[in-house]
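Next comes upload09.cif, with mmCIF, C-alpha atoms.
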data_my_file
#
loop_
_atom_site.label_atom_id
_atom_site.label_comp_id
_atom_site.auth_asym_id
_atom_site.auth_seq_id
_atom_site.Cartn_x
_atom_site.Cartn_y
_atom_site.Cartn_z
CA GLY A 196 7.16 -62.70 -16.90
CA LYS A 197 8.48 -59.19 -17.31
CA ARG A 198 6.73 -56.30 -15.57
CA PHE A 199 7.07 -52.54 -15.92
CA ASN A 200 5.47 -49.93 -13.65
CA LEU A 201 5.56 -46.15 -13.93
CA SER A 202 3.88 -43.61 -11.65
CA VAL A 203 4.06 -39.81 -11.62
CA ALA A 204 2.39 -37.40 -9.21
CA ASN A 205 2.34 -33.67 -8.62
CA PHE A 206 0.52 -31.95 -5.78
CA LYS A 207 0.66 -29.09 -3.31
CA ASP A 208 0.36 -28.87 0.44
CA SER A 209 -0.19 -25.89 2.71
CA ILE A 210 0.43 -25.49 6.44
CA LYS A 211 -0.50 -22.26 8.22
CA TYR A 212 -0.34 -21.59 11.96
CA TYR A 213 -1.41 -18.35 13.67
CA TRP A 214 -1.22 -17.63 17.38
CA GLY A 215 -0.49 -15.06 20.10
CA ASP A 216 0.95 -11.67 19.22
CA ALA A 217 0.40 -11.96 15.44
CA TYR A 218 2.81 -14.90 15.24
CA THR A 219 2.68 -17.05 12.12
CA HIS A 220 4.36 -20.10 10.61
CA GLN A 221 3.38 -20.71 6.98
CA ILE A 222 4.76 -23.26 4.53
CA GLU A 223 3.55 -23.87 0.97
CA THR A 224 4.98 -27.10 -0.47
CA GLY A 225 5.05 -28.20 -4.10
CA ILE A 226 5.83 -31.89 -4.57
CA THR A 227 6.71 -33.86 -7.71
CA LEU A 228 7.17 -37.64 -7.47
CA ALA A 229 8.22 -40.10 -10.18
CA ARG A 230 8.78 -43.84 -9.77
CA VAL A 231 9.71 -46.50 -12.29
CA GLN A 232 10.23 -50.23 -11.69
CA PHE A 233 11.12 -53.14 -13.97
CA SER A 234 11.25 -56.83 -13.04
CA MET A 235 12.11 -59.94 -15.01
CA PRO A 236 13.00 -63.58 -14.32
CA ILE A 237 16.72 -64.26 -14.78
CA ALA A 238 16.68 -67.93 -13.71
CA GLU A 239 14.13 -70.52 -12.68
CA ASP A 240 14.07 -69.31 -9.07
CA HIS A 241 15.43 -65.75 -9.38
CA THR A 242 13.70 -62.49 -10.33
CA LEU A 243 15.66 -59.29 -10.87
CA ILE A 244 13.94 -56.06 -9.77
CA THR A 245 15.38 -52.65 -10.59
CA GLY A 246 13.95 -49.17 -10.34
CA SER A 247 14.42 -45.52 -9.59
CA GLU A 248 12.60 -42.84 -7.60
CA TYR A 249 12.72 -39.04 -7.89
CA ASP A 250 11.30 -36.76 -5.18
CA SER A 251 11.40 -32.99 -5.74
CA ARG A 252 10.04 -30.58 -3.12
CA THR A 253 9.86 -26.79 -3.19
CA PHE A 254 9.11 -24.98 0.06
CA ASP A 255 7.90 -21.36 0.19
CA TYR A 256 7.82 -20.23 3.80
CA ARG A 257 7.07 -17.21 5.98
CA LEU A 258 7.95 -16.99 9.68
CA ASP A 259 7.13 -14.54 12.47
CA GLN A 260 7.58 -16.27 15.83
CA ILE A 261 9.56 -16.65 19.01
CA LEU A 262 12.37 -19.08 18.35
CA PHE A 263 12.68 -22.14 20.58
CA VAL A 264 15.80 -24.12 19.70
CA CYS A 265 14.72 -27.63 20.59
CA ALA A 266 15.21 -31.00 18.88
CA GLU A 267 13.22 -34.18 19.47
CA ALA A 268 16.20 -35.72 21.22
CA ASP A 269 16.29 -32.96 23.88
CA SER A 270 12.63 -31.87 24.09
CA GLY A 271 12.78 -31.85 27.89
CA ARG A 272 14.71 -28.55 27.88
CA CYS A 273 12.86 -26.56 25.21
CA GLN A 274 12.32 -23.56 27.48
CA ASP A 275 16.09 -23.31 27.93
CA GLY A 276 16.35 -22.84 24.17
CA ARG A 277 14.14 -19.73 23.99
CA ARG A 278 15.65 -17.06 21.72
CA ASP A 279 14.45 -13.79 20.18
CA ARG A 280 11.52 -13.14 17.87
CA VAL A 281 12.31 -14.26 14.31
CA LEU A 282 10.90 -12.67 11.16
CA GLY A 283 11.81 -14.11 7.77
CA GLY A 284 10.86 -16.09 4.72
CA GLY A 285 12.16 -17.51 1.49
CA LYS A 286 12.28 -20.54 -0.76
CA LEU A 287 14.07 -23.85 -0.37
CA ASP A 288 14.41 -26.76 -2.85
CA ILE A 289 15.23 -30.37 -1.98
CA ASP A 290 15.62 -32.99 -4.73
CA GLU A 291 16.26 -36.65 -3.90
CA THR A 292 17.07 -39.42 -6.37
CA SER A 293 17.47 -43.13 -5.70
CA VAL A 294 18.27 -46.19 -7.80
CA TYR A 295 17.92 -49.76 -6.53
CA LEU A 296 18.60 -53.34 -7.56
CA ILE A 297 17.04 -56.41 -5.90
CA ASP A 298 17.46 -60.14 -6.45
CA SER A 299 14.38 -62.07 -5.34
CA TRP A 300 15.26 -65.74 -4.80
CA GLN A 301 12.46 -68.27 -4.33
CA ILE A 302 14.57 -70.84 -2.50
CA ASN A 303 11.70 -73.33 -2.34
CA GLN A 304 7.91 -73.18 -2.19
CA TYR A 305 8.06 -71.90 1.39
CA VAL A 306 11.04 -69.51 1.58
CA ASN A 307 11.78 -66.32 -0.37
CA LEU A 308 14.99 -64.33 0.11
CA GLU A 309 15.49 -60.80 -1.22
CA ALA A 310 18.90 -59.10 -1.28
CA GLY A 311 19.40 -55.66 -2.72
CA ILE A 312 21.25 -52.38 -2.72
CA GLN A 313 20.08 -48.78 -3.08
CA TYR A 314 22.00 -45.69 -4.16
CA ASN A 315 20.56 -42.42 -2.85
CA GLU A 316 21.62 -38.79 -3.31
CA ASN A 317 20.17 -35.35 -2.67
CA ASN A 318 21.05 -31.86 -3.85
CA PHE A 319 20.57 -30.10 -0.51
CA THR A 320 23.27 -31.69 1.64
CA GLY A 321 25.26 -32.89 -1.39
CA GLU A 322 25.56 -36.35 0.15
CA SER A 323 25.23 -39.77 -1.46
CA PHE A 324 24.68 -43.14 0.19
CA VAL A 325 24.86 -46.82 -0.73
CA ASN A 326 22.42 -48.80 1.42
CA PRO A 327 22.38 -52.63 1.46
CA ARG A 328 19.16 -54.40 2.45
CA MET A 329 17.98 -57.97 2.90
CA SER A 330 14.70 -59.67 3.84
CA ILE A 331 13.40 -63.22 4.15
CA ALA A 332 9.85 -64.59 4.26
CA TRP A 333 9.15 -68.15 5.39
CA ASP A 334 5.65 -69.60 4.97
CA LEU A 335 5.34 -71.87 8.00
CA ASN A 336 1.99 -73.14 6.72
CA GLU A 337 -1.00 -71.81 4.79
CA GLN A 338 -1.79 -69.25 7.49
CA TYR A 339 1.47 -68.19 9.18
CA THR A 340 4.46 -66.37 7.66
CA LEU A 341 7.67 -65.53 9.50
CA ASN A 342 9.47 -62.38 8.28
CA ALA A 343 12.88 -60.89 9.02
CA ALA A 344 14.69 -57.92 7.49
CA ALA A 345 17.82 -55.80 7.91
CA GLY A 346 19.00 -52.72 6.09
CA SER A 347 20.59 -49.29 6.05
CA TYR A 348 18.66 -46.05 5.52
CA ASN A 349 19.28 -42.32 5.31
CA ARG A 350 17.03 -39.27 5.55
CA VAL A 351 17.38 -35.53 4.97
CA PRO A 352 16.55 -33.63 8.21
CA ASP A 353 13.02 -32.25 8.58
CA LEU A 354 12.41 -28.79 7.15
CA ASP A 355 12.26 -26.91 10.48
CA TYR A 356 15.83 -28.02 11.22
CA LEU A 357 17.07 -26.65 7.86
CA LEU A 358 15.51 -23.19 7.53
CA PRO A 359 18.29 -20.61 8.02
CA GLU A 360 16.16 -18.39 10.32
CA ILE A 361 15.36 -21.15 12.83
CA GLY A 362 17.64 -24.07 11.93
CA ASN A 363 20.94 -25.01 10.37
CA PRO A 364 21.06 -25.50 6.57
CA GLU A 365 24.51 -27.11 7.02
CA LEU A 366 23.07 -30.17 8.77
CA GLN A 367 23.80 -33.55 7.22
CA SER A 368 21.41 -36.45 6.68
CA HIS A 369 20.80 -38.77 9.60
CA THR A 370 21.31 -42.49 9.09
CA ALA A 371 19.88 -45.67 10.57
CA GLU A 372 20.36 -49.42 10.70
CA HIS A 373 17.01 -51.25 10.87
CA TYR A 374 16.40 -54.83 12.06
CA THR A 375 12.95 -56.45 12.22
CA LEU A 376 11.44 -59.84 13.04
CA GLY A 377 7.76 -60.49 12.60
CA LEU A 378 4.96 -63.04 12.36
CA LYS A 379 1.89 -62.66 10.14
CA ARG A 380 -1.33 -64.71 10.16
CA ASP A 381 -3.79 -64.65 7.27
CA LEU A 382 -7.48 -64.67 8.18
CA GLU A 383 -10.68 -65.08 6.22
CA ASN A 384 -11.98 -62.40 3.81
CA ASP A 385 -8.49 -61.00 3.12
CA TRP A 386 -7.92 -59.95 6.74
CA ASN A 387 -4.68 -60.60 8.61
CA TRP A 388 -2.86 -59.68 11.78
CA SER A 389 0.87 -59.26 12.36
CA VAL A 390 3.31 -58.77 15.22
CA GLU A 391 6.73 -57.23 14.58
CA ILE A 392 9.62 -56.38 16.87
CA TYR A 393 12.19 -53.85 15.66
CA HIS A 394 15.54 -52.37 16.59
CA LYS A 395 16.84 -49.16 15.00
CA LYS A 396 20.35 -47.80 15.47
CA LEU A 397 20.18 -44.07 14.73
CA SER A 398 23.13 -41.78 13.97
CA LYS A 399 23.71 -38.07 13.32
CA LEU A 400 20.34 -36.89 14.62
CA PRO A 401 19.89 -33.12 15.21
CA LEU A 402 20.71 -31.80 18.69
CA SER A 403 20.04 -28.23 19.81
CA ILE A 404 23.05 -26.03 20.68
CA VAL A 405 23.10 -23.83 23.79
CA ILE A 406 23.36 -20.16 22.84
CA ASP A 407 26.51 -19.52 24.88
CA GLU A 408 28.43 -22.28 23.09
CA ALA A 409 30.92 -21.26 20.41
CA ASP A 410 28.58 -22.28 17.56
CA GLY A 411 25.36 -21.39 19.39
CA TRP A 412 23.93 -19.47 16.44
CA SER A 413 24.01 -22.59 14.30
CA PHE A 414 21.03 -23.71 16.44
CA PHE A 415 21.47 -27.45 15.67
CA ALA A 416 24.26 -29.96 15.07
CA ASN A 417 24.41 -33.64 14.04
CA ASP A 418 25.38 -34.67 17.56
CA THR A 419 22.98 -37.39 18.69
CA ASP A 420 23.08 -41.18 18.32
CA GLY A 421 20.69 -43.67 19.85
CA ASP A 422 18.79 -46.93 19.78
CA VAL A 423 15.05 -47.42 19.36
CA LYS A 424 13.36 -50.73 20.17
CA GLY A 425 9.72 -51.63 20.08
CA ILE A 426 6.89 -53.86 18.97
CA VAL A 427 4.14 -53.20 16.42
CA ILE A 428 0.82 -55.07 16.37
CA MET A 429 -1.42 -54.55 13.35
CA VAL A 430 -4.75 -55.83 12.05
CA ASN A 431 -5.44 -55.26 8.35
#

Would you write the structure of this file as structure tokens?
Amino acid sequence: GKRFNLSVANFKDSIKYYWGDAYTHQIETGITLARVQFSMPIAEDHTLITGSEYDSRTFDYRLDQILFVCAEADSGRCQDGRRDRVLGGGKLDIDETSVYLIDSWQINQYVNLEAGIQYNENNFTGESFVNPRMSIAWDLNEQYTLNAAAGSYNRVPDLDYLLPEIGNPELQSHTAEHYTLGLKRDLENDWNWSVEIYHKKLSKLPLSIVIDEADGWSFFANDTDGDVKGIVIMVN
């Protein structure tokens, strides 16, 4: 039958670091989350799922530290990115909104296919994205399920890359293509184990800029692409 879910949350988080010669890195974060989802059968074997998510974050920060311009992609040369002492603070707001639509097709008693699309936008970079996604679950028997999924994703850069004193507020979102293949086995007493292999194609990741380059005082640029492959083994 039809189902409707609504959840709202509001909370605060605080991070404070102190070290060395009175250095400090403090961030107070206020977070508001709202999610709504509605599902209904539209045919004997099809269920339509639609929903929306809103994520609003306000960051109040204070900095007094030596600046090291270093991104995850080039962490091996962090000492080369040492700059002057930075003193600053301010407030930064990031609001993200997404809307999605999914068709869940129960092909037969063993196989379920989900195909959907998500629209995502944020106020900070001013970007919007349309991300297609698809997944399939095949019950091989009462214990084993084979899963596969593919989809596109986007993400606003982490806060430290965006603060004007130590980052570049002009950075754009980085994007990714995800592909997974996994096997799950149900055990007794609601336990299960799973094995999943994944491949992620990443684009527009932050890369630190050398100070003597023309745009060296931008600190970071969307200049890194790469692939990530791995395997995840879980027991729940």

I'd like to see the residues matched by the PyMOL selection byres ((chain A and resi 318) around 12) on this file, and ideally I'd get them as a PDB file with C-alpha atoms, keeping the file's coordinate frame.
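Listed below is the output, selection.pdb:
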ATOM      1  CA  TYR A 249      12.720 -39.040  -7.890  1.00  0.00           C
ATOM      2  CA  ASP A 250      11.300 -36.760  -5.180  1.00  0.00           C
ATOM      3  CA  SER A 251      11.400 -32.990  -5.740  1.00  0.00           C
ATOM      4  CA  ARG A 252      10.040 -30.580  -3.120  1.00  0.00           C
ATOM      5  CA  LEU A 287      14.070 -23.850  -0.370  1.00  0.00           C
ATOM      6  CA  ASP A 288      14.410 -26.760  -2.850  1.00  0.00           C
ATOM      7  CA  ILE A 289      15.230 -30.370  -1.980  1.00  0.00           C
ATOM      8  CA  ASP A 290      15.620 -32.990  -4.730  1.00  0.00           C
ATOM      9  CA  GLU A 291      16.260 -36.650  -3.900  1.00  0.00           C
ATOM     10  CA  THR A 292      17.070 -39.420  -6.370  1.00  0.00           C
ATOM     11  CA  SER A 293      17.470 -43.130  -5.700  1.00  0.00           C
ATOM     12  CA  ASN A 315      20.560 -42.420  -2.850  1.00  0.00           C
ATOM     13  CA  GLU A 316      21.620 -38.790  -3.310  1.00  0.00           C
ATOM     14  CA  ASN A 317      20.170 -35.350  -2.670  1.00  0.00           C
ATOM     15  CA  PHE A 319      20.570 -30.100  -0.510  1.00  0.00           C
ATOM     16  CA  THR A 320      23.270 -31.690   1.640  1.00  0.00           C
ATOM     17  CA  GLY A 321      25.260 -32.890  -1.390  1.00  0.00           C
ATOM     18  CA  GLU A 322      25.560 -36.350   0.150  1.00  0.00           C
ATOM     19  CA  SER A 323      25.230 -39.770  -1.460  1.00  0.00           C
ATOM     20  CA  VAL A 351      17.380 -35.530   4.970  1.00  0.00           C
ATOM     21  CA  GLN A 367      23.800 -33.550   7.220  1.00  0.00           C
ATOM     22  CA  SER A 368      21.410 -36.450   6.680  1.00  0.00           C
TER      23      SER A 368
END

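The shortest atom-to-atom distance to A:Pro236, with only C-alpha atoms taken into account, belongs to A:Ile297 out of A:Ile297, A:Val423, A:Ile222, A:Leu201.
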
For A:Thr219, find every residue with an atom within 8 Å (counting only C-alpha atoms), except residues of its own chain fewer than 6 positions away, and show them as a ChimeraX atom specification.
/A:211-213,257-260

Care to translate the PyMOL selection byres ((chain A and resi 391) around 9) into actual residues of this file, as a VMD selection string?
chain A and resid 342 375 to 379 389 to 390 392 to 393 425 to 429

Could the residues in this selection be written to a file with C-alpha atoms, as a compact mmCIF listing (two decimals), in the frame of the given file?
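New file selection-v1.txt:
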# COMPACT_ATOMS: atom_id res chain seq x y z
CA ASN A 342 9.47 -62.38 8.28
CA THR A 375 12.95 -56.45 12.22
CA LEU A 376 11.44 -59.84 13.04
CA GLY A 377 7.76 -60.49 12.60
CA LEU A 378 4.96 -63.04 12.36
CA LYS A 379 1.89 -62.66 10.14
CA SER A 389 0.87 -59.26 12.36
CA VAL A 390 3.31 -58.77 15.22
CA ILE A 392 9.62 -56.38 16.87
CA TYR A 393 12.19 -53.85 15.66
CA GLY A 425 9.72 -51.63 20.08
CA ILE A 426 6.89 -53.86 18.97
CA VAL A 427 4.14 -53.20 16.42
CA ILE A 428 0.82 -55.07 16.37
CA MET A 429 -1.42 -54.55 13.35

Excluding same-chain residues fewer than 2 positions from A:Arg280, what lies within 7 Å of it counting only C-alpha atoms, as a PyMOL selection string?
chain A and resi 260-262+278+282

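Remark: for A:Gly285, the closest of the candidate residues A:Leu341, A:Ile312, A:Leu358, A:Leu228 is A:Leu358 (distances computed over only C-alpha atoms).
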
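Residues in contact with A:Glu383 at up to 10 Å, not including ones fewer than 3 positions away on its chain and judged by all atoms listed in the file, are Gln338, Trp386 and Asn387 of chain A.
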
Would you export the selected residues with C-alpha atoms as a PDB file, in the frame of the given file, please?
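Output file part38.pdb is given in full below:
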ATOM      1  CA  GLN A 338      -1.790 -69.250   7.490  1.00  0.00           C
ATOM      2  CA  TRP A 386      -7.920 -59.950   6.740  1.00  0.00           C
ATOM      3  CA  ASN A 387      -4.680 -60.600   8.610  1.00  0.00           C
TER       4      ASN A 387
END

Do you know which residues the PyMOL selection byres ((chain A and resi 306) around 6) returns on this file, as a short mmCIF file (atom, residue, chain, number, x, y, z; two decimals) with C-alpha atoms, in the coordinates of the input?
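Final output, saved to selection_17.cif:
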data_model
loop_
_atom_site.label_atom_id
_atom_site.label_comp_id
_atom_site.auth_asym_id
_atom_site.auth_seq_id
_atom_site.Cartn_x
_atom_site.Cartn_y
_atom_site.Cartn_z
CA ILE A 302 14.57 -70.84 -2.50
CA ASN A 303 11.70 -73.33 -2.34
CA TYR A 305 8.06 -71.90 1.39
CA ASN A 307 11.78 -66.32 -0.37
CA ALA A 332 9.85 -64.59 4.26
CA TRP A 333 9.15 -68.15 5.39
#

Tell me which of A:Phe206, A:Leu296, A:Glu372, A:Leu400 sits closest to A:Lys424, counting all atoms listed in the file.
A:Glu372

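With only C-alpha atoms as the basis for measurement, A:Phe414 is the residue among A:Phe414, A:Phe199, A:Tyr314, A:Tyr256 that approaches A:Pro364 most closely.
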
Name the residues in contact with A:Ser247 at a cut-off of 8 Å, using all atoms listed in the file, excluding same-chain residues fewer than 6 positions from it; report them as a list in words.
Arg230, Val231, Gln232, Thr292, Ser293, Val294 and Tyr295 of chain A

Distance criterion (only C-alpha atoms): nearest to A:Ser202 out of A:Glu248, A:Glu309, A:Asp216, A:Asp420:
A:Glu248
